[in-house]
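Accompanying notes for the structure given below.
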Amino acid sequence: MATAIYTNANGENITLKQDLPFWLTKIAGIAGAQNSISTSKSPEQDGETPTNASLNKAERTITGTIIAHSEQELERYHRQIVTTFSTKQNGTLHYISGDIDKSCDCKVESVAWGDADGPTQSFDITLLCPNPFWHDIAESIDEIALWLPGFEFSDPGGFEIPAPDGMEFGERAPSLIVDVQNPGDVPCGMKIIFTALGTLTNPSVFNVNTREFFRITKTMQPGETIEINTKFGEKGITGYLNGESLDYWNHADLPDSTFLQLQPGSNPIRYNADSGLDNLNVTIIARSTWGCKHGNLYF
């Protein structure tokens with residue numbers, strides 16, 4: 001049994017499943033989109049040479065029936081669908097079926113109604129998904145560089161720092177590399193967050209597999225944070241310091257730096273800084289992306 005939850009930009013949502021009042025019959029177009037392949041042909045060549053391939057936008061149609069207890073109740077549920085599936089707003093479709101729990105961004109293209117039959121009425125809602133991929137609901141968070149806590153309060157009466165050696169409050173994570181996993185079947189963007197515990201210069205991250213890196217050319221002050229977004233259509237660099245946020249695009253080491261993408265599978269990521277390396281914390285936040293090859297997305 002599948003469940004579809006649509007949420008619009010205002011946070012209004014409707015859950016459709018094989019239950020009253022919004023009975024879900026089927027969703028068409030769940031499993032993917034048409035692949036667009038570009039080719040080139042040389043003189044006297046047999047056939048053509050593929051040069052590029054990309055997925056087109058996807059259309060996903062929700063078919064269902066309002067099942068109410070009265071015609072007055074039917075009218076109320078009718079208005080709820082019209083309001084929630086507004087063609088003036090963007091939205092998110094959340095799809096749950098067995099071990100599949102994914103979402104996609106979309107926009108309502110049309111809402112078509114069948115004839116009312118007493119307190120019931122069928123409907124077809126067509127959603128246009130400019131990005132045809134499905135995304136994990138939850139983000140993954142990987143701490144590459146951080147300080148690990150070294151003590152806890154075991155005695156409610158307090159603690160004493162022993163003399164003359166003192167006490168170790170924490171330790172630096174020993175590895176400069178973390179293996180960031182992307183369980184999806186296509187590359188995905190991410191957020192790379194540099195946090196300065198003290199003064200440091202020119203922080204960077206490096207993908208050991210692809211040999212690509214992203215580097216910021218700047219001296220970071222204690223408490224300063226830099227967020228690099230590498231997601232397609234959302235690329236940006238923002239700095240945060242003393243309660244202010246600023247555009248840090250000019251601090252990127254471009255064109256040598258690459259807006260790194262997490263490839264499917266293993267992504268060994270190494271961090272570095274020209275100075276003050278022990279003052280650098282690095283966090284990577286990502287949501288895996290799924291194309292047509294993930295399991296069986298049909299009813």
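Order determines the names: the first chain of the structure tokens is A, the second B, and so forth; residues in each chain are numbered 1 upward, and ligands are numbered 1 upward as they are shown.
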Cys188 in chain A surroundings by only C-alpha atoms, 7 Å radius, close-in-sequence under 6 positions cut, as a tab-separated table (two decimals) with N, CA, C and O atoms, in the first residue's frame:
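Output below, filename selection24.tsv:
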chain	number	residue	atom	x	y	z
A	231	LYS	N	24.75	22.51	-4.70
A	231	LYS	CA	23.60	21.91	-5.37
A	231	LYS	C	23.30	22.64	-6.66
A	231	LYS	O	23.38	23.87	-6.73
A	261	GLN	N	30.57	17.48	-6.29
A	261	GLN	CA	29.39	16.64	-6.23
A	261	GLN	C	29.76	15.31	-5.60
A	261	GLN	O	30.86	14.78	-5.84
A	262	LEU	N	28.87	14.77	-4.79
A	262	LEU	CA	29.10	13.45	-4.21
A	262	LEU	C	28.70	12.41	-5.23
A	262	LEU	O	27.54	12.32	-5.65
A	263	GLN	N	29.68	11.60	-5.66
A	263	GLN	CA	29.41	10.56	-6.63
A	263	GLN	C	28.72	9.38	-5.94
A	263	GLN	O	28.87	9.18	-4.73
A	288	SER	N	20.78	12.35	-0.57
A	288	SER	CA	21.04	11.50	-1.73
A	288	SER	C	19.91	11.64	-2.74
A	288	SER	O	18.75	11.90	-2.40
A	289	THR	N	20.26	11.44	-4.02
A	289	THR	CA	19.33	11.61	-5.13
A	289	THR	C	19.19	10.30	-5.87
A	289	THR	O	20.17	9.59	-6.09
Q) Pick the closest to Glu59 in chain A from A:Ile193, A:Ala273, A:Ile228, A:Cys129: which is it, counting only C-alpha atoms? A)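 Once distances to Glu59 in chain A are computed over only C-alpha atoms, the minimum belongs to A:Cys129.
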Here is a test: counting only C-alpha atoms, which residue of A:Gly189, A:Lys107, A:Asp117, A:Ala28 is nearest to His135 in chain A?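 Comparing A:Gly189, A:Lys107, A:Asp117, A:Ala28 against His135 in chain A, the winner is A:Gly189.
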Record the distance separating CA of Lys17 in chain A and CA of Asp136 in chain A, expressed in Å with one decimal.
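Interatomic distance, CA of Lys17 in chain A to CA of Asp136 in chain A: 20.3 Å.
Nearest to Ala196 in chain A of all the residues A:Thr15, A:Ile125, A:Gly276, A:Glu143 is A:Gly276, counting only C-alpha atoms.
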Q) Would you give me, as a ChimeraX atom specification, the residues in range 117-279 of chain A that DSSP reads as strand (DSSP E or B)? A) /A:117,120-129,134-136,140-145,147-149,170-172,177-182,186,188,191-196,200-201,204-207,212-216,219-220,225-229,236-241,244-247,252,262,265-272,275
| Selected residue of minimal separation from Gly243 in chain A among A:Thr225, A:Phe259, A:Pro183, A:Gly29, counting only C-alpha atoms |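 Among the listed residues, A:Thr225 lies closest to Gly243 in chain A.
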Given only C-alpha atoms as the basis, pick out the residue of A:Asp142, A:Asp253, A:Glu212, A:Glu234 nearest to Val178 in chain A.
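Closest residue, counting only C-alpha atoms: A:Asp142.
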(request) Write out as an MDAnalysis selection string which residues come within 8 Å of Leu20 in chain A when counting only C-alpha atoms, dropping same-chain ones fewer than 6 positions away. (result) chainID A and resid 66:68
Of the candidates A:Gly184, A:Asp256, A:Pro222, A:Phe206, which shows the shortest atom-to-atom distance to Ala286 in chain A, using only C-alpha atoms?
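Of A:Gly184, A:Asp256, A:Pro222, A:Phe206, the one nearest Ala286 in chain A, counting only C-alpha atoms, is A:Gly184.
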